[in-house]
Amino acid sequence: MKGFKFSKTGLLILAAGAFIVVLASLGFMRFSQTSEQDSLNDDLALSETRLSFMDIQPLQVQLAELEELLSESESLLAEVKQRLTQSVISVNVTDKFYEIAAYHSIIVDSISTTKNQSGDYEGVACTLITINAGVTGDLSHVIDFITGLNNNFTTGYVESVQIVVGDEEAAVSTSANIMMVVYAYEGI
């Protein structure tokens with residue numbers, strides 16, 4: 001096989017043709033990029049126009065209201081944490097229980113408390129103690145006593161009560177079994 005021989009003129013024409021093909025390809029690519037850029041610029045202008053017509057005043061008012069609500073909520077949380085910041089000591093809890101019982105003319109037949117435990121109150125980690133007690137007294141006094149427990153333990157509440165109403169003719173007092181939980185916050 002013999003190789004092809006190109007004259008200088010043939011090589012020059014071949015090189016010029018290759019250059020024109022490369023130049024045409026680059027021109028087509030540039031045209032495509034320019035078209036795409038023009039399309040993106042049009043989309044940007046349309047978006048900016050739409051944005052300029054949006055009324056953000058209500059959203060700013062809503063943002064201000066939500067920030068105020070957040071501030072109030074944080075303040076309330078700090079207040080609640082402060083109220084819960086007290087140690088839960090079994091003796092103090094039972095002393096308070098007996099004090100409320102005496103005020104309402106209730107006899108405490110039995111009382112027991114659990115050891116301090118870790119618990120959760122409305123999403124806040126706390127220490128808690130559970131009180132189980134049996135009491136007797138007049139029905140109205142027992143009801144007032146249960147209400148008094150809820151009102152006088154600022155960090156506790158009566159979880160359950162079982163009341164056995166006594167017979168008036170037999171002079172049997174009303175008795176109640178009470179389970180209550182007292183919380184304390186000892187964190188930040």
# chains A, B, ... in the order shown; residues from 1 in each chain; ligands from 1
call {"tool": "residues_around", "arguments": {"residues": "Ile178 of chain A", "least_positions_apart": "5", "cutoff": "9 Å", "atoms": "only C-alpha atoms", "output": "list in words"}}
result
Ile131, Asn132, Ala133, Gly134, Val135, Ile146, Val158, Glu159, Ser160, Val161, Gln162 and Ile163 of chain A
call {"tool": "write_last_selection", "arguments": {"atoms": "N, CA, C and O atoms", "output": "mmCIF file, in the first residue's frame"}}
result
data_model
loop_
_atom_site.group_PDB
_atom_site.id
_atom_site.type_symbol
_atom_site.label_atom_id
_atom_site.label_comp_id
_atom_site.auth_asym_id
_atom_site.auth_seq_id
_atom_site.Cartn_x
_atom_site.Cartn_y
_atom_site.Cartn_z
ATOM 1 N N ILE A 131 -46.198 9.490 96.374
ATOM 2 C CA ILE A 131 -46.764 9.294 97.710
ATOM 3 C C ILE A 131 -47.982 8.386 97.570
ATOM 4 O O ILE A 131 -48.848 8.625 96.725
ATOM 5 N N ASN A 132 -48.056 7.365 98.398
ATOM 6 C CA ASN A 132 -49.243 6.517 98.498
ATOM 7 C C ASN A 132 -49.724 6.631 99.936
ATOM 8 O O ASN A 132 -48.945 6.419 100.878
ATOM 9 N N ALA A 133 -51.004 7.007 100.094
ATOM 10 C CA ALA A 133 -51.500 7.215 101.452
ATOM 11 C C ALA A 133 -52.937 6.724 101.563
ATOM 12 O O ALA A 133 -53.701 6.767 100.603
ATOM 13 N N GLY A 134 -53.262 6.269 102.782
ATOM 14 C CA GLY A 134 -54.633 5.929 103.130
ATOM 15 C C GLY A 134 -55.098 6.909 104.191
ATOM 16 O O GLY A 134 -54.386 7.146 105.175
ATOM 17 N N VAL A 135 -56.262 7.521 103.986
ATOM 18 C CA VAL A 135 -56.768 8.523 104.927
ATOM 19 C C VAL A 135 -58.227 8.241 105.247
ATOM 20 O O VAL A 135 -58.926 7.563 104.495
ATOM 21 N N ILE A 146 -58.381 16.382 99.276
ATOM 22 C CA ILE A 146 -57.827 16.041 97.957
ATOM 23 C C ILE A 146 -57.628 17.308 97.130
ATOM 24 O O ILE A 146 -56.591 17.488 96.496
ATOM 25 N N VAL A 158 -52.401 15.128 92.517
ATOM 26 C CA VAL A 158 -52.996 13.844 92.854
ATOM 27 C C VAL A 158 -53.207 13.092 91.550
ATOM 28 O O VAL A 158 -53.869 13.583 90.641
ATOM 29 N N GLU A 159 -52.611 11.920 91.464
ATOM 30 C CA GLU A 159 -52.704 11.136 90.238
ATOM 31 C C GLU A 159 -53.943 10.235 90.239
ATOM 32 O O GLU A 159 -54.592 10.062 89.218
ATOM 33 N N SER A 160 -54.264 9.653 91.400
ATOM 34 C CA SER A 160 -55.467 8.821 91.469
ATOM 35 C C SER A 160 -55.983 8.784 92.904
ATOM 36 O O SER A 160 -55.221 8.964 93.857
ATOM 37 N N VAL A 161 -57.308 8.548 93.011
ATOM 38 C CA VAL A 161 -57.963 8.475 94.318
ATOM 39 C C VAL A 161 -59.018 7.376 94.254
ATOM 40 O O VAL A 161 -59.741 7.264 93.264
ATOM 41 N N GLN A 162 -59.074 6.593 95.296
ATOM 42 C CA GLN A 162 -60.154 5.611 95.464
ATOM 43 C C GLN A 162 -60.847 5.958 96.775
ATOM 44 O O GLN A 162 -60.227 5.904 97.840
ATOM 45 N N ILE A 163 -62.115 6.307 96.667
ATOM 46 C CA ILE A 163 -62.869 6.721 97.854
ATOM 47 C C ILE A 163 -63.908 5.650 98.187
ATOM 48 O O ILE A 163 -64.625 5.175 97.310
#
call {"tool": "select_by_dssp", "arguments": {"residues": "segment 7-163 of chain A", "states": "strand (DSSP E)", "output": "ChimeraX atom specification"}}
result
/A:107-113,117-121,124-137,156-163
call {"tool": "residues_around", "arguments": {"residues": "Ala102 of chain A", "least_positions_apart": "4", "cutoff": "12 Å", "atoms": "only C-alpha atoms", "output": "PDB file with C-alpha atoms, in the first residue's frame"}}
result
ATOM      1  CA  ASP A  95     -44.567  16.834 106.435  1.00  0.00           C
ATOM      2  CA  LYS A  96     -46.513  18.928 103.924  1.00  0.00           C
ATOM      3  CA  PHE A  97     -48.975  16.047 103.413  1.00  0.00           C
ATOM      4  CA  TYR A  98     -49.601  15.779 107.183  1.00  0.00           C
ATOM      5  CA  ILE A 106     -58.217  14.188 108.064  1.00  0.00           C
ATOM      6  CA  ILE A 107     -56.575  11.200 109.745  1.00  0.00           C
ATOM      7  CA  VAL A 108     -53.637   9.724 107.860  1.00  0.00           C
ATOM      8  CA  VAL A 135     -56.768   8.523 104.927  1.00  0.00           C
ATOM      9  CA  THR A 136     -60.109   8.688 106.758  1.00  0.00           C
ATOM     10  CA  GLY A 137     -62.505  11.483 107.645  1.00  0.00           C
ATOM     11  CA  HIS A 141     -63.362  16.818 104.478  1.00  0.00           C
ATOM     12  CA  VAL A 142     -61.858  14.056 102.326  1.00  0.00           C
ATOM     13  CA  ASP A 144     -61.593  19.192 100.469  1.00  0.00           C
ATOM     14  CA  PHE A 145     -58.352  17.449 101.464  1.00  0.00           C
ATOM     15  CA  GLY A 148     -56.098  20.954  99.074  1.00  0.00           C
ATOM     16  CA  LEU A 149     -53.354  18.533  98.037  1.00  0.00           C
TER      17      LEU A 149
END
call {"tool": "atom_distance", "arguments": {"atom1": "atom CA of Thr127 of chain A", "atom2": "atom CA of Ser71 of chain A"}}
result
26.4 Å
call {"tool": "select_by_dssp", "arguments": {"residues": "chain A", "states": "alpha helix (DSSP H)", "output": "PyMOL selection string"}}
result
chain A and resi 8-53+57-84+90-103+139-152
